[in-house]
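A.B. asks: Handing you this structure, nothing more for now.
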Amino acid sequence: MTARRRGRRLRQTGWNIVGLVVFVVMVFPVFWMISTAFKTDDQIVGEKPTWLPLHPTLAHFRDAIDRPFFWDDVKNSLIVVSVTVAISIVLAFLAAVALARYRFGGRKLFVVLVIGIQMLPQAGLIIPLYVVLARYHQVNALSGLIVTYMTFVLPFCVWTLRGFLLGIPKDLEEAAMVDGSTRLGVFVKILLPLMGPGLVATSVFAFITTWNEYIFARVLLNDQQKQTVTVWLSYFLGSSRHTDWGALMAASTLTAIPVIVFFLLVQRRIAFGLTAGAVRG
Amino acid sequence: MAGIRLSGVTKTFGGVTAVDDVSLEIEDGEFLVLVGPSGCGKSTLLRMIAGLEEVTAGEIAIGDRDVTDLAPRSRDIAMVFQTYALYPHMTVRQNMGYGLKARRTPKAEIARRVDEVAELLGLAELLERRPAQLSGGQRQRVAMGRAIVRQPQAFLLDEPLSNLDAKLRVGMRASLAQLHQRLGVTTVYVTHDQTEAMTLGQRVAVLRDGKILQCDRPQALYASPNNLFIAAFIGSPAMNLVEATYEDGAVRFGQFSVPVGRPRAERRFVLGIRPESFEDAAFAPGLPTIRVQVTVLEELGSDAHVFFTVDAAPVTAEVLEAASDQGLLPGTGALFTARVDARTAARIGGTLELAVDPARFHYYDPVTGDRLSAAGAPELVAVP
């Protein structure tokens, strides 16, 4: 083996180690959450850490589910997420088509605003939003939360979908129009099928953002019966001097499941979606 | 099938005029080529005929119908795009049948026509594939097939061969000519490649800055280009152009002087000589000759290209920069090309006696670039 080859091999090994470290840092909290959820209370608070519960218990899960309002709040979360994502995707797709394909006055300004609004710190918006929503009796109502979520999910979707649309050659639409399609026909028969991966990828991100959101939900929803799961989860902490870590981790695991399932379902389409720009006639 | 009539068609984008008052009559069944350098407005003109660009002023008629304000789908034309624009999510069969389906043609009829055209273009084996699984040449044929299946009033082709490699391009060029002969559909073909224009077009319209400079049969365009731009643009190798003067019965350019039979009224002009108007003097007795220093020699087998410098400023008119796609060699002289017999004894660095036929000289106004007299007229030449 020459010195140069050995150098290359060493460098490669180095990078592999760095990659492994990053992987462990990313994955460990998730691993710890899940494994703790299955441990007994003794193992959780014991001085010697238990890495893998050899005799897993489901007690914490039972405990978590039995807490008040769990099913109410899961239902609330699902309503908020599905309505927000559905409305956002439909509106964003139409807006993105307009931005990517039509010329009109103020188009540039609109695009800049869409991305600019994303830069505002959300914490600064909470009070003004609360005041406005209160005026229209939308505080402590899921509809108010949905509108709030759309203020940041919608621009994000517009921005992402516009990117996907720009990757689809305009020639395709023009060819279809010359071939005899109306504008609507082009939209349904050409754009929609080609945008499939983009729409899926964008809704995944919208889903994850909305499902995991905590601060707005915490501020806007007061009734425990009307809250979302992330808020429900927060009640495990600090209610007394004692935190029930096992139940908290079990509840956290339960909360993460929908996101993971949804992601796994569409993950292959996303990988395809990321290369959507390579579509060439 | 139908002819296409453009009257005073103009297109402006913002303040820029892309197509400027173009009037053109394309006959039923004719193959017309729009050729010009990039940005000359040829694609815009084609897109206006297709209905993909709105017309700022003027009228477009296909057959007897004024289509100026009609949507593309109502014009009954088919278009082939430079990128082919095949629908990536559909099979070849679906791609070819799309136009018929959009027009609600019965399914059996669509299948019959697609099969027929696929057979004609050699695509029968590929009907169930997707565009991504096809080679460049196959995609090109599918794009053509999609147009043919429709049996439209006219074909509009926008640089359909420019994405193919050189060899395939020549083959497809011949196939296109054959197809047109067979189908006889009115065709408008846009290209920047003058060879394609010359070989395919029954008539060729040369565009520059949104205007048609000349529209004629390829032979006529080659024999008597009516201005300097076309002279430089049409022909490969390009016409040799140099500033020249007329004095005492001879045309002088650089160190050379060639006696011409007919006296000229103008004292100064741009002289144009096609490479094939030269010949190795050994094979062309009876013509005036010039003695040149051979700078480069390209032996092509069938003939040979002799390059030599002329001690005169090359024509640097802006019109030529737009027309010529060849890089200019640094230096003060103009580099001339002569096409001579393959048996020539010319050697690089040596001298060569070149015969030149003054009857085939082209003369252009150095300021306006307009042609100064009819070319090709037989002239009596005094042999020195």
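By order of appearance in the structure tokens: chains A, B, ..., then residues from 1 within every chain, and ligands from 1 in the order shown.
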Considering only C-alpha atoms, tabulate each residue of chain B that lies at most 9 Å from chain A along with its nearest interatomic pair and the corresponding distance in Å to one decimal; arrange the rows by chain and ascending residue number and present them as CSV.
C.D. replies:
residue,atom,partner,partner_atom,distance
B:Ala50,CA,A:Val178,CA,7.0
B:Gly51,CA,A:Val178,CA,8.0
B:Leu52,CA,A:Glu174,CA,7.1
B:Ala71,CA,A:Met177,CA,8.3
B:Pro72,CA,A:Val178,CA,4.9
B:Arg73,CA,A:Gly180,CA,4.1
B:Ser74,CA,A:Gly180,CA,7.2
B:Arg75,CA,A:Val178,CA,8.1
B:Asp76,CA,A:Val178,CA,7.9
B:Ile77,CA,A:Val178,CA,7.0
B:Ala78,CA,A:Val178,CA,6.3
B:Met79,CA,A:Val178,CA,6.9
B:Val80,CA,A:Ala175,CA,7.9
B:Phe81,CA,A:Asp171,CA,7.2
B:Gln82,CA,A:Asp171,CA,9.0
B:Thr83,CA,A:Gly281,CA,6.1
B:Tyr84,CA,A:Gly281,CA,5.7
B:Ala85,CA,A:Gly281,CA,4.3
B:Leu86,CA,A:Gly281,CA,4.4
B:Tyr87,CA,A:Gly281,CA,6.3
B:Pro88,CA,A:Gly281,CA,6.1
B:His89,CA,A:Leu194,CA,6.9
B:Tyr98,CA,A:Asp179,CA,7.1
B:Gly99,CA,A:Asp179,CA,4.4
B:Leu100,CA,A:Asp179,CA,7.9
B:Lys101,CA,A:Gly180,CA,8.7
B:Ala102,CA,A:Gly180,CA,5.6
B:Arg103,CA,A:Gly180,CA,6.3
B:Pro131,CA,A:Gly281,CA,7.0
B:Ala132,CA,A:Gly281,CA,8.0
B:Arg139,CA,A:Gly281,CA,8.2
B:Arg146,CA,A:Asp179,CA,8.7
B:Ala147,CA,A:Asp179,CA,8.3
B:Arg150,CA,A:Asp179,CA,8.2
A.B. asks: Neighbours of region 216-218 of chain A within 8 Å (only C-alpha atoms; same-chain residues fewer than 6 positions away dropped), as a VMD selection string?
C.D. replies: chain A and resid 126 145 148 227 to 228 231
A.B. asks: From the list A:Val131, A:Leu94, A:Ala59, A:Leu184, which residue is nearest Ala37 (chain A) when using only C-alpha atoms?
C.D. replies: A:Ala59
A.B. asks: Hey, which of B:Ala18, B:Leu32, B:Val117, B:Ala355 ends up closest to Thr199 (chain B)? Count only C-alpha atoms.
C.D. replies: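 Closest to Thr199 (chain B), using only C-alpha atoms: B:Leu32.
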A.B. asks: Find the residues near region 52-54 of chain A: any atom within 7 Å, counting only C-alpha atoms, skip ones fewer than 5 places away on the same chain, and give them as a PyMOL selection string.
C.D. replies: chain A and resi 35+38-39
A.B. asks: Take the selection from the previous step and output its residues with C-alpha atoms, as an mmCIF file, in the first residue's frame.
C.D. replies:
data_model
loop_
_atom_site.group_PDB
_atom_site.id
_atom_site.type_symbol
_atom_site.label_atom_id
_atom_site.label_comp_id
_atom_site.auth_asym_id
_atom_site.auth_seq_id
_atom_site.Cartn_x
_atom_site.Cartn_y
_atom_site.Cartn_z
ATOM 1 C CA SER A 35 -36.434 2.638 25.825
ATOM 2 C CA PHE A 38 -40.680 0.522 28.427
ATOM 3 C CA LYS A 39 -38.613 0.558 31.661
#
A.B. asks: How far is it from CA of Val112 (chain A) to CA of Trp159 (chain A), in Å with one decimal?
C.D. replies: 10.0 Å
A.B. asks: What is the CA of Lys211 (chain B)-CA of Ala57 (chain B) distance in Å, reported with one decimal?
C.D. replies: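 Going from CA of Lys211 (chain B) over to CA of Ala57 (chain B) covers 14.2 Å.
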A.B. asks: Applying 10 Å and only C-alpha atoms, which residues near Glu196 (chain B) remain after dropping the ones on its own chain fewer than 3 positions away? List them as a list in words.
C.D. replies: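 In the requested form, the answer reads Val33, Val35, Glu159, Leu161, Arg169, Val170, Arg173, Ala174, Tyr189, Val190, Thr191, His192, Asp193, Thr199, Leu200 and Gly201 of chain B.
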A.B. asks: For N, CA and C atoms, I'd like the residues from the last selection saved as a PDB file, in the first residue's frame.
C.D. replies:
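Contents of the output file selection.pdb:
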ATOM      1  N   VAL B  33     -38.833  27.269 -44.142  1.00  0.00           N
ATOM      2  CA  VAL B  33     -37.903  27.323 -43.018  1.00  0.00           C
ATOM      3  C   VAL B  33     -37.682  28.769 -42.603  1.00  0.00           C
ATOM      4  N   VAL B  35     -35.086  30.925 -40.663  1.00  0.00           N
ATOM      5  CA  VAL B  35     -33.724  30.760 -40.175  1.00  0.00           C
ATOM      6  C   VAL B  35     -33.163  32.116 -39.782  1.00  0.00           C
ATOM      7  N   GLU B 159     -36.819  24.052 -33.942  1.00  0.00           N
ATOM      8  CA  GLU B 159     -35.485  23.455 -33.792  1.00  0.00           C
ATOM      9  C   GLU B 159     -35.554  21.992 -33.353  1.00  0.00           C
ATOM     10  N   LEU B 161     -34.225  19.316 -34.296  1.00  0.00           N
ATOM     11  CA  LEU B 161     -33.056  18.438 -34.398  1.00  0.00           C
ATOM     12  C   LEU B 161     -31.879  18.910 -33.557  1.00  0.00           C
ATOM     13  N   ARG B 169     -28.505  13.779 -36.484  1.00  0.00           N
ATOM     14  CA  ARG B 169     -29.165  14.962 -37.036  1.00  0.00           C
ATOM     15  C   ARG B 169     -29.270  14.850 -38.546  1.00  0.00           C
ATOM     16  N   VAL B 170     -28.177  14.416 -39.174  1.00  0.00           N
ATOM     17  CA  VAL B 170     -28.182  14.295 -40.635  1.00  0.00           C
ATOM     18  C   VAL B 170     -29.208  13.250 -41.067  1.00  0.00           C
ATOM     19  N   ARG B 173     -32.713  14.535 -40.577  1.00  0.00           N
ATOM     20  CA  ARG B 173     -32.989  15.580 -41.562  1.00  0.00           C
ATOM     21  C   ARG B 173     -33.568  14.940 -42.820  1.00  0.00           C
ATOM     22  N   ALA B 174     -32.910  13.865 -43.236  1.00  0.00           N
ATOM     23  CA  ALA B 174     -33.388  13.176 -44.437  1.00  0.00           C
ATOM     24  C   ALA B 174     -34.774  12.582 -44.186  1.00  0.00           C
ATOM     25  N   TYR B 189     -40.726  25.495 -40.188  1.00  0.00           N
ATOM     26  CA  TYR B 189     -39.606  24.877 -39.489  1.00  0.00           C
ATOM     27  C   TYR B 189     -38.653  25.980 -39.055  1.00  0.00           C
ATOM     28  N   VAL B 190     -38.381  26.048 -37.760  1.00  0.00           N
ATOM     29  CA  VAL B 190     -37.474  27.075 -37.247  1.00  0.00           C
ATOM     30  C   VAL B 190     -36.120  26.450 -36.954  1.00  0.00           C
ATOM     31  N   THR B 191     -35.059  27.099 -37.390  1.00  0.00           N
ATOM     32  CA  THR B 191     -33.716  26.604 -37.079  1.00  0.00           C
ATOM     33  C   THR B 191     -32.732  27.766 -37.120  1.00  0.00           C
ATOM     34  N   HIS B 192     -31.588  27.592 -36.451  1.00  0.00           N
ATOM     35  CA  HIS B 192     -30.535  28.593 -36.580  1.00  0.00           C
ATOM     36  C   HIS B 192     -29.430  28.049 -37.485  1.00  0.00           C
ATOM     37  N   ASP B 193     -29.639  26.792 -37.924  1.00  0.00           N
ATOM     38  CA  ASP B 193     -28.605  26.107 -38.685  1.00  0.00           C
ATOM     39  C   ASP B 193     -28.880  26.283 -40.178  1.00  0.00           C
ATOM     40  N   THR B 199     -31.150  22.537 -46.789  1.00  0.00           N
ATOM     41  CA  THR B 199     -31.457  21.187 -47.258  1.00  0.00           C
ATOM     42  C   THR B 199     -32.940  20.857 -47.132  1.00  0.00           C
ATOM     43  N   LEU B 200     -33.636  21.458 -46.155  1.00  0.00           N
ATOM     44  CA  LEU B 200     -35.023  21.069 -45.917  1.00  0.00           C
ATOM     45  C   LEU B 200     -36.040  21.968 -46.607  1.00  0.00           C
ATOM     46  N   GLY B 201     -35.745  23.255 -46.655  1.00  0.00           N
ATOM     47  CA  GLY B 201     -36.773  24.204 -47.063  1.00  0.00           C
ATOM     48  C   GLY B 201     -37.057  24.213 -48.554  1.00  0.00           C
TER      49      GLY B 201
END
A.B. asks: Neighbours of Leu179 (chain B) within 10 Å (only C-alpha atoms; same-chain residues fewer than 4 positions away dropped), as a list of chain:residue names?
C.D. replies: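 Counting only the stated atoms, we get B:Leu120, B:Leu121, B:Met144, B:Ile148, B:Arg173, B:Ala174, B:Ser175, B:Leu183, B:Gly184, B:Val185.
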A.B. asks: As a ChimeraX atom specification, which residues of region 57-206 of chain A does DSSP assign to alpha helix (DSSP H)?
C.D. replies: /A:59-66,70-101,107-117,122-135,142-166,170-179,183-186,192-206
A.B. asks: Write out as an MDAnalysis selection string the set of residues from region 107-274 of chain B that DSSP, computed on the backbone, places in strand (DSSP E).
C.D. replies: chainID B and resid 154:158 186:191 203:208 211:216 240:247 250:253 256:259 268:273
A.B. asks: Name the residues in contact with region 63-69 of chain A at a cut-off of 7 Å, using only C-alpha atoms, excluding same-chain residues fewer than 5 positions from it; report them as a PDB file with C-alpha atoms, in the first residue's frame.
C.D. replies:
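After the write, selection33.pdb holds the following:
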ATOM      1  CA  GLN A 224     -58.035  20.972  28.453  1.00  0.00           C
ATOM      2  CA  GLN A 225     -60.737  19.357  26.395  1.00  0.00           C
ATOM      3  CA  ALA A 247     -45.423   8.044  31.556  1.00  0.00           C
ATOM      4  CA  ALA A 250     -44.521   6.729  26.826  1.00  0.00           C
ATOM      5  CA  ALA A 251     -46.757   9.672  25.989  1.00  0.00           C
TER       6      ALA A 251
END
A.B. asks: Counting only C-alpha atoms, which of A:Ala201, A:Arg268, A:Phe93, A:Met249 gets nearest to His60 (chain A)?
C.D. replies: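 Going through A:Ala201, A:Arg268, A:Phe93, A:Met249 one by one, the smallest distance to His60 (chain A) is for A:Met249.
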